[in-house]
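For reference, the structure is listed below as structure tokens.
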Amino acid sequence: MSRGRNNSQSQFRHPALTTSEFSNGCRLGIDSYADTSCAGKHAHVLEFNDDVTVTATGFAGDESMQITDLSIANVAYAYDTPQGDTLIFVVNNAIYLGALMDGSLLNPVQCMENGIKIDIRPKLFYPNVHSAQTFEIPSLNRVFPIEYQGSVPFLHVHKPTRDEIEQCTHIEITNRNHWDPNQINGINSCMTEEATLLADDFDMSDMVMNFHIGQAITDSQYLYPFDDENTNRNIQSLASRKQFRVTPEQLNKLWGVGVKTCQRTLQATTHTVLRTTGALTRRFRTDKAQQRYKQLGTHFGKFSVDTVKAKVKSIRGYTCGNVYINRCGFKKFYAMHDFTSLSSRDTLVNFIQSIGIPAALHSDNHGNFKDGAFRKEAVKYGIAQSFTEPHSPWQNPAEGGIREIKKLSKKWMTAKESPVRLWCFCFELAADVLSLCATMHYSLQGRTPYEITCNYTPDISEYVTFAWYDWVYYWDEHSKEKKIGRWLGPAHRVGQSLCYYILNHDANYLARSSVVPVPDEDMQSDVMKNKMYAFTQSIEQKIGNSTTAIYDPEQPLAIYDDNYHDSIDDEFVTQPYESEVQDYQVEDAPVQLEELDKYIGAHVLVPGENGEQMVLAKVVGKKHDVNGNPIGEYHPNPLLDTHVYKLQYPDGHIEEYTTNQIAESLYSQTDNEGYNEGILDEIVDMRKNDDAIPIEDGFIETIQGIKKPVITTRGWDVQVCWRDGSVDWLPLSAIKESNPVQCAEYAILHGLDKEPAFNWWVRTILRKRDRLIAKVKMRCRKRNMKFGIKIPTTVAEAIALDKQNGNTLWQDAINKEFKNSNIAFQVRDEGEQAPVGWTKITCHLIFDVKMDLTRKARYVAGGHLTDVDTSSTYASVVSRDSVRIAFMLAALNDLDILAGDIQNAYLNAPSLEKNYFIAGDEWGTNKGRVILIVRALYGQKTSGAAWRAHLAQFLETKLGYKESVADRDVWLKPKTKASGETYYSYIVCYCDDLLIIDEDPHSIMERIKLTFTVKESSIGPPDIYLGAQCSRMTFQNEDGSERKLWAMSSTKYVREAVKTVKERLKESGYRFHKKLSDIATSPRQPFSNQTYAPELDTSEECTDDEATLFQNFIGILRWIIELGRIDIAFEVSALSRYLAAPRTGHLLQCLHIFKYLDVHQESALAFDHAKLNIGFSAGNSPQELKERMQVYYKDANEEVPMHFPRPRGRSVQINVFVDASHAGDKVTRRSQTGILLYCNMAPIVWYSKKQNTVESSTFSSELVALRIAAEMIIALRYKLRMFGVELDGPANVFCDNESVYKSVSNADSRLKKKHNSICYHKVRECVAAGILIVLKVETNSNLADILTKSLTGDKRMSMRSMIMV
């Protein structure tokens, strides 16, 4: 991503002058009451002083009469002498008013301090004084007359032309050094306020300020009161305060580091640069002296050194370089011509001369550091040396410094597409910039590594004007003209400060101090574009480009090896360096078991040096005893493991931690899914790939012709810096969700807001900035780190991580995945094309870390690239009521249940699509070949349907099971027990999870294992299924015997849900009050009180964020109901009506339901197979009721499906509870229906919903509820029959309304309310057909009552105890 230049440099424009103004010029008034010279619209600005601004006020000193934030500038005027020549008067340190002021003012004291002699005494009164009314320049031995207009002295000047600027003699009439109006030559002025007032008696009251400064104000902004024309006037510097004219945003663009880091850096550094405005006048003067040599301290004076080699020789002839780094992050890079001890010695000498003498040096045990000239130089300066152990590169902190320098330089060189042979300049600049960044490193305390190391605040003036490889103008002394070049960084060892290396047209590097940025208007001109194109072509012909370096055998300095490789990174752009030098003596060491240790390579948050700030340390190995054996003993429970590990801190030092300490830290820093969470410190960079939508495709047009932005974040990644100091690339979607304001501000700053990925949301977010900042999600998921283990994104990165960690865990995971998925591919011969009709897609590996730190890899297809019929992608799963029926039937027929999970299920099925891809690096020798996908690879759209069809074929043809028509994922097979009892064996399928219900399920599982690989750990009685806990329970019968049954509990899910809700509330700025979870103070109903009605809530409408929160919470509650929490079904149903536009009161009641669940977590549904004992009175048996009702409904018969399986096993009784709350909705007056269906005494289906019509009486609403129940009973009877279950007579329907009971049970009853005739006759016909009978039950015993209204605490607890256990 390209970077822009400093806007303040390129956007300055001189005020426009008319032809008359330019020819007439202006008066440069000489005014001792102006304590600082002032430059008006005729002044030509040479450079700005970026370190200060001033506030100018009138002589009265009234701060309300002031102009603020005026710049200090060095300006030039053209002065036509009486002798006929023209001089350029340079006035340094002037307050620049520009277009606000027609004339200009000159402070004579400021001139006198620079040796200029000014005598403003009029000749009229001092005719005998030779110097009266003169302006003398002793250096030229020239004297010029001062003119008067009335009593106002002045010099007549005009704005210089470009030719005059470049050709005429320049005279500095004020000093370039910092001007303090309260001091003269460093001595405080002795003029007091009283003495200043005495000056009123001097006959200089009618100063030039009278008619010049008045033009610098408007009606609302003035400098002094207008009492009369003779009022004394002055400009006084009230506040010469430091203000960062280089903003953090500008520094971010120049350096490419985060805005917060730039802000801290500006606070910890100075930048007293004189900023040029574009005009080159021969050479710029520089005044800053070089630093002195010194002895570095012992704490941060201990440095590590390592060598990085390049395979591209730079244009300076360098092939490698040494990096010096200390524990606070100070880095210095020195390039070398060759990899010898003598060259390494030279880098040490340069380091000592430019930085100081280090107290100690730590390096690897290469001979360049251990022996020879480097060693002698270290001894000469008394530098203590230490070395790493063989095969222990992690012991050298300089390796980390090299990686940081490579990363930043790679970012710059890639963004600017600079030639690879300029790498040495970029490395030097990157190391210097990193040393000037005030990062969050715990040793810095908000300062820079440079200051911590060198003990003084650095000045960053050299680094804040240009970015790497910027286009610049430089002054060429030979041709006496400006030329274009490329900026390569400061030239520290050439000339004075503010001298830069420039790449010229001939690919030579020059050191120049006269350098300015190319203005934007020049950059846009066709002439400049042609010049830049020719410049680039010339450079590429001579030294190459960003990917290719030129080889010329006649020029030994242009050596290039075209097979150089890049360091490991996630951006595949060729760069001119290889990995660090590690020339160790290879020892024949036995393979240690720790090479397979899962903890090695993990990143752990541990206390820093100050014991407060947490830092990210890396596990680099185990500790061993003198015999080489690991200390401690292994235990599968990490809390009992006694091994000791070595942790490397960011500054390179090693500390020891036990396994339980590491495990505790790893799991505490992750979210519920194991992903590491971090607090985002700042956004560093953004990038896009080929998947990003271009700007021209960023809108869609509706039918009405309205253009709307595309809603997408595809193709964009964000580089973030975490509070622990680590840096990661994350998808834009993740950062947009967690830190929207920070993300939007970065996009606006860098001009990305027009990109489709930002255009649709950035401005909306910024308008809501204040509200969002208060609720911003502080923690964000680190998607590339899980349980402290870095997750790679490519195969190359995975292998690199293994290499860094000294193990093969990721490689083993890749090999395992390819071994398992190999059957899915067919490799074509080299050069052989894909068959006709096959679609080309992409495939890649995705990586993951399990909770036990096992690495996992999965090869997936890019199914988004295919277009298939949606009907071929559907794959059904078993319904939840079918699962409950299966658990009940298992207990009813004394059958066992066995669960199992098929491994790599999709890969067992042939692919339904014809897709192929081109093999990548992970395919080794097969890279580049055509690979046909012949199995249902993960990621293909039809893979789910293909697996379901394949499994169905296996169950039917191999195992002899048949698919149930009522639920296609329930398979049954008739069997007979040894006792002669017949039953059905069932296999219930939920994708690749199987439940086998059989007398001997293990034998069936063994047959399945002959064809599929079933995870051994998953085989056994089910413990978790569809999110619910499964268990066996024992109940006692009336005769004292016991019956065993299955039960499902939502306790674990509820506990996790409540925990999630509390975390979400905390993130959103709310609080889940502790007292709400106190059973002593919490009410026993889901709503805050029994009488609460959501439809009567008049609280404020929820904001967008609160509405989203409400919708998410209702979704969680609905699934909790599916898992068996019937006691909250009515309340959730009532709140669900307001998902589109909830109110804050609805959100609070939703939270109250979670509070209720938090208190009452323990609950389970028992699938009791025992039948309900119902005693029918004489003449009221089901058969007799049916016969009497058939008199009126003679053709009423239950429709029994054809070809349903012959019933086997024990019969099932259906029991149903029905109720309705008449006019329960206080606004619409609609009633609420509640239905609870049992198979025997096992709850199977529950229903709570508002009726579709308004009923005028309780009778009507109850009859409507009964009709709905009848339809549900018909569906349940059909499903049971298709499962091969024998039904025990009609369903028993319990109703608590006497009128309804008599109307549908008494054959002779007559309906008086004709509008209820459909419900009335539907239920009676079901009675006549033997589908159901209606029985009267007392209201307190009607279990459906809990589904229709909010009950009192006592009644709710009573109902809960009858439904749940």
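Labels for the structure tokens follow display order: chains A, B, ..., residues from 1 in each chain, ligands from 1.
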Quick one: which stretch 975-998 of chain A residues come within 7 Å of stretch 884-906 of chain A, and what is the nearest atom pair for each with the distance in Å to one decimal, counting only C-alpha atoms, rows ordered by chain and ascending number, as JSON lines?
{"residue": "A:Asp992", "atom": "CA", "partner": "A:Ile902", "partner_atom": "CA", "distance": 5.4}
{"residue": "A:Asp993", "atom": "CA", "partner": "A:Asp901", "partner_atom": "CA", "distance": 4.6}
{"residue": "A:Leu994", "atom": "CA", "partner": "A:Gly900", "partner_atom": "CA", "distance": 5.3}
{"residue": "A:Leu995", "atom": "CA", "partner": "A:Ala899", "partner_atom": "CA", "distance": 4.6}
{"residue": "A:Ile996", "atom": "CA", "partner": "A:Leu898", "partner_atom": "CA", "distance": 5.1}
{"residue": "A:Ile997", "atom": "CA", "partner": "A:Ile897", "partner_atom": "CA", "distance": 4.6}
{"residue": "A:Asp998", "atom": "CA", "partner": "A:Leu895", "partner_atom": "CA", "distance": 5.2}
If we count only C-alpha atoms, what is near stretch 1245-1258 of chain A at a cut-off of 6 Å, once residues fewer than 3 positions away on the same chain are taken out, given as JSON, numbers by chain?
-> {"A": [1130, 1222, 1230, 1231, 1232, 1233, 1234, 1235, 1236, 1237, 1261, 1347]}
Judged by only C-alpha atoms, the minimum distance to A:Ile146 among A:His441, A:His170, A:Arg27, A:Lys376 is found for A:Arg27
Using DSSP on the backbone coordinates, identify all residues within stretch 771-909 of chain A classified as alpha helix (DSSP H); present the result as a PyMOL selection string.
-> chain A and resi 771-775+795-805+809-821+880-892
With a distance cut-off of 7 Å and only C-alpha atoms, select the neighbouring residues of stretch 955-961 of chain A, excluding the residue or stretch itself and same-chain residues fewer than 2 positions from it, and output the selection as number ranges by chain.
-> A: 951-953, 963, 971-973
Going by DSSP on the backbone, which bits of stretch 739-928 of chain A are strand (DSSP E or B)? Write them as a PyMOL selection string, please.
-> chain A and resi 779-786+789-790+825-827+839-840+843-849+855-861+896-902+910-918
Separation of atom CA of A:Val516 and atom CA of A:Gln541, in Å?
->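 Answer for the atom CA of A:Val516 to atom CA of A:Gln541 separation: 26.1 Å.
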Nearest candidate to A:Thr169 (options A:Leu46, A:Ala78, A:Ile325, A:Val1058; using only C-alpha atoms) |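 Once distances to A:Thr169 are computed over only C-alpha atoms, the minimum belongs to A:Ala78.
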Write out as a list in words which residues come within 8 Å of stretch 843-858 of chain A when counting only C-alpha atoms, dropping same-chain ones fewer than 5 positions away.
->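 After dropping sequence-adjacent residues, the list is Lys598, Tyr599, Gly674, Lys786, Phe787, Ile789, Ile791, Pro792, Thr793, Thr794, Val795, Leu809, Trp810, Ala813, Ile814, Glu817 and Phe917 of chain A.
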Can you pull out every residue within 12 Å of A:Val883, counting only C-alpha atoms, but drop anything in the same chain fewer than 4 positions away, and send it as a PyMOL selection string?
-> chain A and resi 877-879+887-890+897+967+969-971+986-990+994-997+1022+1025-1026+1028+1030+1046-1048+1122-1123+1167+1242-1245+1283
